[in-house]
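Asks: Handing over coords.tsv, TSV, C-alpha atoms.
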chain	number	residue	atom	x	y	z
A	1	MET	CA	0.64	36.79	23.87
A	2	LEU	CA	-0.61	34.08	21.52
A	3	THR	CA	-4.04	32.82	22.54
A	4	ILE	CA	-6.79	30.62	21.11
A	5	SER	CA	-10.35	30.13	22.25
A	6	HIS	CA	-11.56	26.79	23.52
A	7	PHE	CA	-14.05	26.61	20.65
A	8	GLU	CA	-11.36	27.18	18.03
A	9	LEU	CA	-9.09	24.60	19.69
A	10	VAL	CA	-11.78	21.91	19.72
A	11	LEU	CA	-12.82	22.84	16.18
A	12	ARG	CA	-9.32	22.25	14.86
A	13	LEU	CA	-9.08	18.85	16.54
A	14	ILE	CA	-12.49	17.78	15.21
A	15	LEU	CA	-11.63	18.95	11.71
A	16	ALA	CA	-8.37	16.98	11.87
A	17	ALA	CA	-10.32	13.86	12.87
A	18	LEU	CA	-12.75	14.34	9.97
A	19	LEU	CA	-10.01	14.90	7.39
A	20	GLY	CA	-8.05	11.92	8.69
A	21	SER	CA	-11.17	9.73	8.53
A	22	VAL	CA	-11.71	10.55	4.85
A	23	ILE	CA	-8.26	9.25	3.96
A	24	GLY	CA	-8.42	6.39	6.46
A	25	PHE	CA	-11.72	5.14	5.06
A	26	GLU	CA	-10.12	4.62	1.67
A	27	ARG	CA	-7.43	2.45	3.26
A	28	GLU	CA	-9.98	0.67	5.48
A	29	ARG	CA	-12.06	-0.54	2.54
A	30	LEU	CA	-8.96	-2.30	1.19
A	31	ASN	CA	-8.47	-4.06	4.56
A	32	TRP	CA	-5.08	-2.51	5.31
A	33	ALA	CA	-3.77	-2.71	8.86
A	34	ALA	CA	-3.50	1.09	9.02
A	35	GLY	CA	-7.10	2.00	8.34
A	36	LEU	CA	-9.76	4.40	9.53
A	37	ARG	CA	-8.89	4.72	13.22
A	38	THR	CA	-5.14	4.79	12.64
A	39	HIS	CA	-5.35	7.68	10.18
A	40	MET	CA	-7.75	9.57	12.44
A	41	LEU	CA	-5.45	9.17	15.43
A	42	VAL	CA	-2.38	10.27	13.48
A	43	CYS	CA	-4.16	13.35	12.14
A	44	VAL	CA	-5.62	14.37	15.52
A	45	GLY	CA	-2.33	13.69	17.29
A	46	ALA	CA	-0.36	15.78	14.81
A	47	SER	CA	-2.92	18.57	15.12
A	48	LEU	CA	-2.70	18.51	18.92
A	49	ILE	CA	1.09	18.59	18.84
A	50	MET	CA	0.96	21.59	16.51
A	51	LEU	CA	-1.47	23.37	18.83
A	52	VAL	CA	0.75	22.71	21.83
A	53	SER	CA	3.78	23.90	19.87
A	54	ILE	CA	2.10	27.20	18.94
A	55	PHE	CA	0.05	28.01	22.06
A	56	GLY	CA	1.27	25.71	24.82
A	57	PHE	CA	4.28	27.84	25.78
A	58	ALA	CA	2.73	31.27	25.27
A	59	ASP	CA	2.71	32.00	29.00
A	60	ILE	CA	6.51	32.08	29.19
A	61	LEU	CA	6.99	34.35	26.20
A	62	GLY	CA	8.44	37.71	27.06
A	63	GLN	CA	10.77	36.36	29.68
A	64	LYS	CA	14.45	36.96	29.30
A	65	ASP	CA	16.28	34.67	26.82
A	66	VAL	CA	13.04	32.83	25.92
A	67	SER	CA	11.95	32.44	22.31
A	68	LEU	CA	9.30	30.28	20.63
A	69	ASP	CA	9.90	28.20	17.49
A	70	PRO	CA	6.78	26.10	16.65
A	71	SER	CA	8.48	24.62	13.59
A	72	ARG	CA	10.86	22.55	15.72
A	73	VAL	CA	8.07	20.39	17.17
A	74	ALA	CA	6.38	20.06	13.76
A	75	ALA	CA	9.64	18.81	12.24
A	76	GLN	CA	9.83	16.06	14.85
A	77	VAL	CA	6.32	14.90	13.92
A	78	VAL	CA	7.29	14.55	10.27
A	79	SER	CA	10.32	12.41	11.11
A	80	GLY	CA	8.76	10.55	14.03
A	81	ILE	CA	5.74	9.31	12.07
A	82	GLY	CA	8.12	7.03	10.18
A	83	PHE	CA	7.82	4.24	12.77
A	84	LEU	CA	4.11	3.89	12.00
A	85	GLY	CA	4.80	3.86	8.28
A	86	ALA	CA	7.46	1.18	8.71
A	87	GLY	CA	4.96	-0.94	10.63
A	88	SER	CA	2.54	-0.89	7.71
A	89	ILE	CA	5.12	-2.13	5.18
A	90	LEU	CA	5.20	-5.88	4.57
A	91	LEU	CA	7.84	-7.87	2.70
A	92	ARG	CA	6.43	-11.00	1.09
A	93	GLY	CA	9.18	-12.76	-0.78
A	94	GLU	CA	10.29	-10.32	-3.46
A	95	VAL	CA	7.16	-8.16	-3.24
A	96	VAL	CA	6.95	-5.15	-0.95
A	97	ARG	CA	3.44	-4.14	0.10
A	98	GLY	CA	2.19	-1.24	2.18
A	99	LEU	CA	4.32	1.58	0.80
A	100	THR	CA	1.25	3.54	-0.28
A	101	THR	CA	-0.34	3.20	3.16
A	102	ALA	CA	2.91	4.31	4.78
A	103	ALA	CA	2.93	7.36	2.52
A	104	SER	CA	-0.70	8.12	3.37
A	105	LEU	CA	0.13	8.03	7.09
A	106	TRP	CA	3.00	10.44	6.54
A	107	SER	CA	0.76	12.70	4.46
A	108	VAL	CA	-2.09	12.66	6.96
A	109	ALA	CA	0.34	13.79	9.66
A	110	GLY	CA	0.99	16.83	7.49
A	111	VAL	CA	-2.76	17.41	7.23
A	112	GLY	CA	-2.97	17.32	11.01
A	113	LEU	CA	-0.14	19.83	11.38
A	114	ALA	CA	-1.81	22.16	8.89
A	115	THR	CA	-5.13	21.87	10.71
A	116	GLY	CA	-3.51	22.54	14.07
A	117	GLY	CA	-1.80	25.57	12.60
A	118	GLY	CA	-5.12	26.97	11.36
A	119	MET	CA	-4.30	26.49	7.67
A	120	TYR	CA	-7.77	25.17	6.82
A	121	ILE	CA	-7.63	25.66	3.06
A	122	ALA	CA	-4.28	23.87	2.85
A	123	ALA	CA	-5.52	21.01	5.05
A	124	VAL	CA	-8.76	20.46	3.11
A	125	SER	CA	-7.03	20.83	-0.27
A	126	ALA	CA	-4.34	18.33	0.72
A	127	THR	CA	-7.01	15.87	1.89
A	128	VAL	CA	-8.81	16.08	-1.46
A	129	ILE	CA	-5.57	15.66	-3.40
A	130	ILE	CA	-4.45	12.70	-1.27
A	131	LEU	CA	-7.85	11.03	-1.71
A	132	ILE	CA	-7.69	11.50	-5.48
A	133	ILE	CA	-4.23	9.94	-5.53
A	134	LEU	CA	-5.30	6.95	-3.41
A	135	ALA	CA	-8.70	6.21	-4.94
A	136	GLY	CA	-8.72	7.96	-8.31
A	137	ILE	CA	-5.29	7.12	-9.68
A	138	LYS	CA	-5.42	3.41	-8.76
A	139	PRO	CA	-7.89	2.38	-11.53
A	140	ILE	CA	-5.75	4.22	-14.08
A	141	GLU	CA	-2.61	2.54	-12.76
A	142	ARG	CA	-4.32	-0.84	-12.86
A	143	ARG	CA	-5.54	-0.37	-16.42
A	144	PHE	CA	-2.47	1.07	-18.10
A	145	ILE	CA	0.47	-0.13	-15.97
A	146	SER	CA	-0.34	-3.26	-13.96
A	147	VAL	CA	-2.02	-5.00	-16.90
A	148	LYS	CA	1.24	-4.74	-18.87
A	149	GLN	CA	3.04	-6.60	-16.07
A	150	GLN	CA	0.74	-9.63	-16.17
A	151	ARG	CA	2.14	-12.82	-17.65
A	152	SER	CA	0.68	-16.31	-18.07
A	153	LEU	CA	1.79	-19.72	-19.26
A	154	ARG	CA	0.24	-23.12	-19.93
A	155	ILE	CA	1.86	-26.36	-18.80
A	156	LEU	CA	1.27	-29.96	-19.85
A	157	ALA	CA	2.48	-32.24	-17.04
A	158	GLU	CA	2.13	-35.82	-15.87
A	159	ARG	CA	-0.99	-36.30	-13.79
A	160	GLY	CA	-0.49	-35.18	-10.20
A	161	SER	CA	3.09	-34.01	-10.72
A	162	VAL	CA	2.29	-30.27	-10.59
A	163	SER	CA	0.42	-28.61	-7.73
A	164	LEU	CA	0.48	-25.33	-5.85
A	165	GLU	CA	2.97	-26.84	-3.42
A	166	THR	CA	5.37	-28.03	-6.11
A	167	VAL	CA	5.12	-24.66	-7.86
A	168	HIS	CA	5.90	-22.88	-4.59
A	169	ASN	CA	8.91	-25.12	-3.97
A	170	ALA	CA	10.19	-24.67	-7.52
A	171	LEU	CA	9.78	-20.90	-7.71
A	172	GLY	CA	10.74	-20.04	-4.13
A	173	THR	CA	10.15	-16.34	-3.46
A	174	GLY	CA	8.91	-15.97	-7.02
A	175	SER	CA	5.76	-17.89	-6.08
A	176	VAL	CA	4.29	-14.76	-4.48
A	177	ARG	CA	3.77	-13.43	-7.99
A	178	VAL	CA	1.30	-16.23	-8.80
A	179	LYS	CA	-2.08	-14.57	-9.29
A	180	GLN	CA	-4.06	-17.52	-10.64
A	181	PHE	CA	-3.53	-21.29	-10.71
A	182	ILE	CA	-5.93	-23.49	-12.71
A	183	MET	CA	-5.45	-27.23	-13.18
A	184	GLN	CA	-7.68	-29.62	-15.11
A	185	GLN	CA	-7.39	-32.96	-16.85
A	186	SER	CA	-6.01	-32.75	-20.37
A	187	GLU	CA	-8.65	-33.28	-23.06
A	188	ASP	CA	-6.16	-34.98	-25.38
A	189	ASN	CA	-4.56	-37.32	-22.81
A	190	PRO	CA	-6.19	-38.29	-19.49
A	191	ASP	CA	-2.78	-39.16	-18.05
A	192	PHE	CA	-1.72	-35.50	-18.17
A	193	ASP	CA	-2.81	-32.30	-16.44
A	194	ASP	CA	-3.42	-29.04	-18.24
A	195	VAL	CA	-2.16	-26.29	-15.91
A	196	ARG	CA	-2.57	-22.56	-16.45
A	197	ILE	CA	-0.66	-20.12	-14.25
A	198	SER	CA	-0.94	-16.33	-14.28
A	199	PHE	CA	1.62	-13.97	-12.73
A	200	SER	CA	1.18	-10.35	-11.66
A	201	ARG	CA	3.74	-7.52	-11.55
A	202	THR	CA	6.28	-9.52	-13.54
A	203	SER	CA	8.75	-7.98	-15.97
A	204	THR	CA	9.88	-9.76	-19.13
A	205	ASP	CA	13.23	-10.74	-17.56
A	206	ASP	CA	11.54	-12.03	-14.40
A	207	PHE	CA	9.10	-14.05	-16.50
A	208	ASP	CA	11.98	-15.60	-18.45
A	209	THR	CA	13.58	-16.64	-15.16
A	210	LEU	CA	10.34	-18.17	-13.88
A	211	CYS	CA	9.80	-20.08	-17.13
A	212	GLY	CA	13.32	-21.45	-16.86
A	213	LYS	CA	12.50	-22.94	-13.46
A	214	PHE	CA	9.49	-24.77	-14.86
A	215	LYS	CA	11.68	-26.55	-17.39
A	216	ASP	CA	13.48	-28.30	-14.55
A	217	MET	CA	10.33	-29.40	-12.73
A	218	PRO	CA	9.75	-33.19	-12.68
A	219	GLY	CA	6.78	-34.32	-14.75
A	220	VAL	CA	6.60	-31.25	-16.98
A	221	ARG	CA	6.42	-32.35	-20.60
A	222	GLU	CA	5.83	-29.02	-22.33
A	223	PHE	CA	4.70	-25.46	-21.71
A	224	ARG	CA	4.00	-22.37	-23.69
A	225	ARG	CA	3.55	-18.71	-22.95
A	226	ASP	CA	0.10	-17.26	-23.47
Starting from the coordinates I provided, produce the structure as C-alpha coordinates.

Replies:
Amino acid sequence: MLTISHFELVLRLILAALLGSVIGFERERLNWAAGLRTHMLVCVGASLIMLVSIFGFADILGQKDVSLDPSRVAAQVVSGIGFLGAGSILLRGEVVRGLTTAASLWSVAGVGLATGGGMYIAAVSATVIILIILAGIKPIERRFISVKQQRSLRILAERGSVSLETVHNALGTGSVRVKQFIMQQSEDNPDFDDVRISFSRTSTDDFDTLCGKFKDMPGVREFRRD
(Lines of atoms letter the chains of each structure in order from A and count residues from 1; the text may use other names and numbers.)
(Lines give C-alpha, C1' and ligand atoms only; values in the text may rest on other atoms or scores of the structure.)
Protein backbone atom coordinates (compact mmCIF):
# COMPACT_ATOMS: atom_id res chain seq x y z
CA MET A 1 0.00 0.00 0.00
CA LEU A 2 1.26 3.46 -0.90
CA THR A 3 1.79 5.61 2.18
CA ILE A 4 3.38 8.95 3.07
CA SER A 5 4.21 10.42 6.45
CA HIS A 6 2.52 13.55 7.68
CA PHE A 7 5.88 15.33 7.77
CA GLU A 8 6.63 14.47 4.15
CA LEU A 9 3.14 15.54 3.07
CA VAL A 10 3.41 18.94 4.77
CA LEU A 11 6.97 19.34 3.48
CA ARG A 12 5.86 18.90 -0.11
CA LEU A 13 3.07 21.46 0.26
CA ILE A 14 5.41 24.00 1.88
CA LEU A 15 8.04 23.49 -0.79
CA ALA A 16 5.38 24.01 -3.48
CA ALA A 17 4.37 27.29 -1.81
CA LEU A 18 7.99 28.45 -1.69
CA LEU A 19 8.69 27.57 -5.33
CA GLY A 20 5.46 29.21 -6.45
CA SER A 21 6.30 32.36 -4.48
CA VAL A 22 9.66 32.72 -6.24
CA ILE A 23 7.96 32.83 -9.64
CA GLY A 24 5.00 34.85 -8.36
CA PHE A 25 7.25 37.52 -6.89
CA GLU A 26 8.71 38.23 -10.32
CA ARG A 27 5.21 38.79 -11.69
CA GLU A 28 4.16 40.79 -8.61
CA ARG A 29 6.94 43.36 -9.04
CA LEU A 30 5.57 44.12 -12.51
CA ASN A 31 2.08 44.70 -11.03
CA TRP A 32 0.39 41.89 -12.93
CA ALA A 33 -3.02 40.71 -11.74
CA ALA A 34 -1.70 37.17 -11.30
CA GLY A 35 1.09 37.85 -8.83
CA LEU A 36 2.60 36.38 -5.70
CA ARG A 37 -0.45 34.88 -4.01
CA THR A 38 -1.98 33.57 -7.24
CA HIS A 39 1.16 31.66 -8.20
CA MET A 40 1.54 30.29 -4.68
CA LEU A 41 -2.05 29.08 -4.62
CA VAL A 42 -1.76 27.44 -8.03
CA CYS A 43 1.45 25.65 -7.06
CA VAL A 44 0.14 24.45 -3.68
CA GLY A 45 -3.19 23.42 -5.19
CA ALA A 46 -1.52 21.42 -7.95
CA SER A 47 0.76 19.78 -5.39
CA LEU A 48 -2.19 18.84 -3.19
CA ILE A 49 -4.10 17.39 -6.13
CA MET A 50 -1.05 15.31 -7.06
CA LEU A 51 -0.74 14.04 -3.48
CA VAL A 52 -4.41 13.09 -3.39
CA SER A 53 -4.06 11.38 -6.77
CA ILE A 54 -1.12 9.27 -5.59
CA PHE A 55 -2.00 8.54 -1.95
CA GLY A 56 -5.66 9.48 -1.49
CA PHE A 57 -7.06 6.23 -2.89
CA ALA A 58 -4.44 3.84 -1.52
CA ASP A 59 -6.89 2.29 0.94
CA ILE A 60 -8.99 0.78 -1.85
CA LEU A 61 -6.09 -0.72 -3.75
CA GLY A 62 -6.09 -4.48 -3.84
CA GLN A 63 -9.82 -4.75 -4.18
CA LYS A 64 -11.23 -6.56 -7.15
CA ASP A 65 -11.30 -4.58 -10.43
CA VAL A 66 -9.71 -1.51 -8.79
CA SER A 67 -6.61 0.12 -10.27
CA LEU A 68 -4.88 3.44 -9.60
CA ASP A 69 -3.73 5.85 -12.33
CA PRO A 70 -2.34 9.08 -10.77
CA SER A 71 -1.58 10.53 -14.21
CA ARG A 72 -5.28 10.99 -14.99
CA VAL A 73 -5.79 13.61 -12.27
CA ALA A 74 -2.51 15.35 -13.15
CA ALA A 75 -3.62 15.64 -16.77
CA GLN A 76 -6.80 17.41 -15.69
CA VAL A 77 -4.74 19.97 -13.75
CA VAL A 78 -2.69 20.82 -16.83
CA SER A 79 -5.81 21.41 -18.93
CA GLY A 80 -7.92 22.95 -16.18
CA ILE A 81 -5.39 25.65 -15.28
CA GLY A 82 -6.20 27.28 -18.61
CA PHE A 83 -9.12 29.26 -17.17
CA LEU A 84 -6.74 31.13 -14.86
CA GLY A 85 -4.37 31.81 -17.72
CA ALA A 86 -7.20 33.13 -19.87
CA GLY A 87 -8.19 35.48 -17.07
CA SER A 88 -4.73 37.04 -17.03
CA ILE A 89 -4.73 37.82 -20.77
CA LEU A 90 -5.88 41.30 -21.76
CA LEU A 91 -6.72 42.56 -25.25
CA ARG A 92 -6.09 46.29 -25.62
CA GLY A 93 -6.88 47.31 -29.16
CA GLU A 94 -4.47 45.36 -31.34
CA VAL A 95 -2.08 44.52 -28.49
CA VAL A 96 -2.42 41.34 -26.45
CA ARG A 97 -0.92 41.48 -22.96
CA GLY A 98 -0.60 38.83 -20.28
CA LEU A 99 0.48 35.84 -22.36
CA THR A 100 3.71 35.48 -20.41
CA THR A 101 1.86 35.53 -17.09
CA ALA A 102 -0.58 32.95 -18.40
CA ALA A 103 2.35 30.75 -19.39
CA SER A 104 3.95 31.20 -15.96
CA LEU A 105 0.71 30.07 -14.28
CA TRP A 106 0.61 26.99 -16.47
CA SER A 107 4.28 26.29 -15.73
CA VAL A 108 3.91 26.77 -11.99
CA ALA A 109 1.10 24.21 -12.00
CA GLY A 110 3.63 21.76 -13.42
CA VAL A 111 6.04 22.69 -10.62
CA GLY A 112 3.31 21.92 -8.10
CA LEU A 113 2.60 18.54 -9.68
CA ALA A 114 6.29 17.67 -9.62
CA THR A 115 6.57 18.71 -5.98
CA GLY A 116 3.50 16.70 -5.02
CA GLY A 117 4.96 13.70 -6.81
CA GLY A 118 8.20 13.97 -4.84
CA MET A 119 10.31 15.00 -7.84
CA TYR A 120 12.21 17.67 -5.91
CA ILE A 121 15.14 18.09 -8.30
CA ALA A 122 12.77 18.52 -11.26
CA ALA A 123 10.61 21.01 -9.35
CA VAL A 124 13.52 23.16 -8.16
CA SER A 125 15.27 23.02 -11.54
CA ALA A 126 12.08 24.03 -13.35
CA THR A 127 11.60 26.93 -10.93
CA VAL A 128 15.11 28.22 -11.62
CA ILE A 129 14.67 27.87 -15.38
CA ILE A 130 11.27 29.60 -15.33
CA LEU A 131 12.69 32.46 -13.24
CA ILE A 132 15.59 32.89 -15.66
CA ILE A 133 13.15 33.03 -18.57
CA LEU A 134 10.91 35.59 -16.86
CA ALA A 135 13.52 37.88 -15.32
CA GLY A 136 16.76 37.14 -17.16
CA ILE A 137 15.62 36.96 -20.76
CA LYS A 138 13.46 40.11 -20.63
CA PRO A 139 16.38 42.62 -20.61
CA ILE A 140 17.91 40.80 -23.59
CA GLU A 141 14.58 40.84 -25.41
CA ARG A 142 14.14 44.52 -24.64
CA ARG A 143 17.62 45.41 -25.88
CA PHE A 144 17.85 43.39 -29.07
CA ILE A 145 14.22 42.87 -30.17
CA SER A 146 11.86 45.50 -28.74
CA VAL A 147 14.19 48.38 -29.55
CA LYS A 148 14.04 47.43 -33.23
CA GLN A 149 10.25 47.75 -33.13
CA GLN A 150 10.27 51.34 -31.87
CA ARG A 151 9.30 54.05 -34.33
CA SER A 152 8.92 57.83 -33.99
CA LEU A 153 7.80 60.77 -36.08
CA ARG A 154 7.69 64.55 -35.80
CA ILE A 155 4.65 66.59 -36.80
CA LEU A 156 4.24 70.28 -37.53
CA ALA A 157 0.57 71.21 -37.02
CA GLU A 158 -1.60 74.26 -36.55
CA ARG A 159 -1.70 75.34 -32.93
CA GLY A 160 -4.16 73.27 -30.90
CA SER A 161 -5.17 71.04 -33.80
CA VAL A 162 -3.28 67.94 -32.56
CA SER A 163 -3.73 66.44 -29.10
CA LEU A 164 -3.79 63.02 -27.49
CA GLU A 165 -7.53 62.87 -28.09
CA THR A 166 -7.29 63.71 -31.79
CA VAL A 167 -4.46 61.20 -32.21
CA HIS A 168 -6.55 58.52 -30.50
CA ASN A 169 -9.52 59.27 -32.74
CA ALA A 170 -7.39 59.26 -35.87
CA LEU A 171 -5.46 56.08 -35.13
CA GLY A 172 -8.26 54.08 -33.51
CA THR A 173 -6.90 50.81 -32.10
CA GLY A 174 -3.46 51.80 -33.33
CA SER A 175 -3.29 54.45 -30.60
CA VAL A 176 -2.40 51.80 -28.02
CA ARG A 177 1.03 51.65 -29.63
CA VAL A 178 1.77 55.27 -28.64
CA LYS A 179 4.60 55.15 -26.12
CA GLN A 180 5.41 58.85 -25.88
CA PHE A 181 3.61 62.05 -26.87
CA ILE A 182 5.44 65.40 -26.60
CA MET A 183 3.98 68.70 -27.81
CA GLN A 184 5.59 72.13 -27.66
CA GLN A 185 5.33 75.44 -29.45
CA SER A 186 7.30 75.60 -32.69
CA GLU A 187 10.46 77.70 -32.42
CA ASP A 188 10.16 78.87 -36.02
CA ASN A 189 6.44 79.76 -35.99
CA PRO A 190 4.43 80.42 -32.79
CA ASP A 191 1.20 79.60 -34.64
CA PHE A 192 2.27 75.95 -35.00
CA ASP A 193 2.89 73.07 -32.61
CA ASP A 194 5.91 70.81 -32.80
CA VAL A 195 4.66 67.31 -31.90
CA ARG A 196 6.84 64.23 -31.39
CA ILE A 197 5.22 60.81 -31.12
CA SER A 198 6.96 57.51 -30.37
CA PHE A 199 5.45 54.08 -31.02
CA SER A 200 6.40 50.74 -29.49
CA ARG A 201 6.14 47.23 -30.98
CA THR A 202 5.45 48.56 -34.45
CA SER A 203 6.59 46.87 -37.64
CA THR A 204 7.59 48.82 -40.74
CA ASP A 205 4.26 48.08 -42.47
CA ASP A 206 2.27 49.10 -39.39
CA PHE A 207 4.27 52.31 -39.13
CA ASP A 208 3.56 53.12 -42.78
CA THR A 209 -0.16 52.66 -42.10
CA LEU A 210 -0.04 54.92 -39.03
CA CYS A 211 1.85 57.62 -40.93
CA GLY A 212 -0.77 57.49 -43.66
CA LYS A 213 -3.48 58.30 -41.12
CA PHE A 214 -1.61 61.39 -39.95
CA LYS A 215 -1.63 62.79 -43.47
CA ASP A 216 -5.42 63.01 -43.33
CA MET A 217 -5.57 64.72 -39.93
CA PRO A 218 -6.87 68.32 -40.01
CA GLY A 219 -4.25 70.93 -39.19
CA VAL A 220 -1.22 68.78 -40.01
CA ARG A 221 1.09 70.71 -42.29
CA GLU A 222 4.07 68.37 -42.45
CA PHE A 223 5.69 65.44 -40.67
CA ARG A 224 8.82 63.41 -40.93
CA ARG A 225 10.03 60.11 -39.58
CA ASP A 226 12.83 60.20 -37.06

Asks: Pick out the closest residue to A:Ile14 from this set: A:Ala74, A:Leu30, A:Leu48, A:Leu99. Count only C-alpha atoms.

Replies: A:Leu48

Asks: Show me as a PyMOL selection string the residues that reach within 10 Å of (-4.0, 10.1, -2.1), counting all atoms listed in the file and using the file's own coordinates.

Replies: chain A and resi 23+26-27+100-101+103-104+107-108+126-138

Asks: Need to verify the contact set: stretch 152-160 of chain A, 8 Å, only C-alpha atoms, exclusion of same-chain residues closer than 2 positions in sequence. Can you return it as a PDB file with C-alpha atoms, in the coordinates of the input?

Replies:
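Printed below is out_34.pdb as written:
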ATOM      1  CA  GLN A 150       0.740  -9.630 -16.170  1.00  0.00           C
ATOM      2  CA  VAL A 162       2.290 -30.270 -10.590  1.00  0.00           C
ATOM      3  CA  SER A 163       0.420 -28.610  -7.730  1.00  0.00           C
ATOM      4  CA  GLN A 185      -7.390 -32.960 -16.850  1.00  0.00           C
ATOM      5  CA  SER A 186      -6.010 -32.750 -20.370  1.00  0.00           C
ATOM      6  CA  PRO A 190      -6.190 -38.290 -19.490  1.00  0.00           C
ATOM      7  CA  ASP A 191      -2.780 -39.160 -18.050  1.00  0.00           C
ATOM      8  CA  PHE A 192      -1.720 -35.500 -18.170  1.00  0.00           C
ATOM      9  CA  ASP A 193      -2.810 -32.300 -16.440  1.00  0.00           C
ATOM     10  CA  ASP A 194      -3.420 -29.040 -18.240  1.00  0.00           C
ATOM     11  CA  VAL A 195      -2.160 -26.290 -15.910  1.00  0.00           C
ATOM     12  CA  ARG A 196      -2.570 -22.560 -16.450  1.00  0.00           C
ATOM     13  CA  ILE A 197      -0.660 -20.120 -14.250  1.00  0.00           C
ATOM     14  CA  SER A 198      -0.940 -16.330 -14.280  1.00  0.00           C
ATOM     15  CA  PHE A 199       1.620 -13.970 -12.730  1.00  0.00           C
ATOM     16  CA  GLY A 219       6.780 -34.320 -14.750  1.00  0.00           C
ATOM     17  CA  VAL A 220       6.600 -31.250 -16.980  1.00  0.00           C
ATOM     18  CA  ARG A 221       6.420 -32.350 -20.600  1.00  0.00           C
ATOM     19  CA  GLU A 222       5.830 -29.020 -22.330  1.00  0.00           C
ATOM     20  CA  PHE A 223       4.700 -25.460 -21.710  1.00  0.00           C
ATOM     21  CA  ARG A 224       4.000 -22.370 -23.690  1.00  0.00           C
ATOM     22  CA  ARG A 225       3.550 -18.710 -22.950  1.00  0.00           C
ATOM     23  CA  ASP A 226       0.100 -17.260 -23.470  1.00  0.00           C
TER      24      ASP A 226
END

Asks: List the spatial neighbours of stretch 7-11 of chain A as a PDB file with C-alpha atoms, keeping the file's coordinate frame - criterion: any atom at most 9 Å away, all atoms listed in the file, same-chain residues fewer than 2 positions off excluded.

Replies:
ATOM      1  CA  ILE A   4      -6.790  30.620  21.110  1.00  0.00           C
ATOM      2  CA  SER A   5     -10.350  30.130  22.250  1.00  0.00           C
ATOM      3  CA  LEU A  13      -9.080  18.850  16.540  1.00  0.00           C
ATOM      4  CA  ILE A  14     -12.490  17.780  15.210  1.00  0.00           C
ATOM      5  CA  LEU A  15     -11.630  18.950  11.710  1.00  0.00           C
ATOM      6  CA  ALA A  16      -8.370  16.980  11.870  1.00  0.00           C
ATOM      7  CA  LEU A  48      -2.700  18.510  18.920  1.00  0.00           C
ATOM      8  CA  LEU A  51      -1.470  23.370  18.830  1.00  0.00           C
ATOM      9  CA  GLY A 116      -3.510  22.540  14.070  1.00  0.00           C
TER      10      GLY A 116
END

Asks: Write out as a PyMOL selection string which residues come within 10 Å of A:Val78 when counting all atoms listed in the file, dropping same-chain ones fewer than 3 positions away.

Replies: chain A and resi 46+73-75+81-82+106-107+109-110+113

Asks: Counting only C-alpha atoms, which of A:Asp69, A:Glu165, A:Glu28, A:Asp206 gets nearest to A:Phe55?

Replies: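 That would be A:Asp69, the residue with the smallest distance to A:Phe55.
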
Asks: I'd like the interatomic distance between atom CA of A:Ile182 and atom CA of A:Asp216, to a tenth of an Å.

Replies: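 Spanning atom CA of A:Ile182 to atom CA of A:Asp216 is a straight-line distance of 20.1 Å.
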
Asks: Go ahead and compute the interatomic distance for atom CA of A:Gly112 and atom CA of A:Ile140, in Å to one decimal.

Replies: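 Separation between atom CA of A:Gly112 and atom CA of A:Ile140: 28.4 Å.
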
Asks: Kindly indicate which residue among A:Ala86, A:Leu36, A:Val52, A:Met183 lies nearest to A:Leu18, using only C-alpha atoms for the distances.

Replies: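 Going through A:Ala86, A:Leu36, A:Val52, A:Met183 one by one, the smallest distance to A:Leu18 is for A:Leu36.
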
Asks: What is the distance between atom CA of A:Cys43 and atom CA of A:Thr3, in Å to one decimal?

Replies: 22.1 Å

Asks: Residues near A:Met217, anyone? I mean within 9 Å using all atoms listed in the file, not counting same-chain ones fewer than 6 positions away, as a JSON list (two decimals) with C-alpha atoms, keeping the file's coordinate frame.

Replies:
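Final output, part36.json:
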[["chain", "number", "residue", "atom", "x", "y", "z"],
["A", 161, "SER", "CA", 3.09, -34.01, -10.72],
["A", 162, "VAL", "CA", 2.29, -30.27, -10.59],
["A", 166, "THR", "CA", 5.37, -28.03, -6.11],
["A", 167, "VAL", "CA", 5.12, -24.66, -7.86],
["A", 170, "ALA", "CA", 10.19, -24.67, -7.52]]
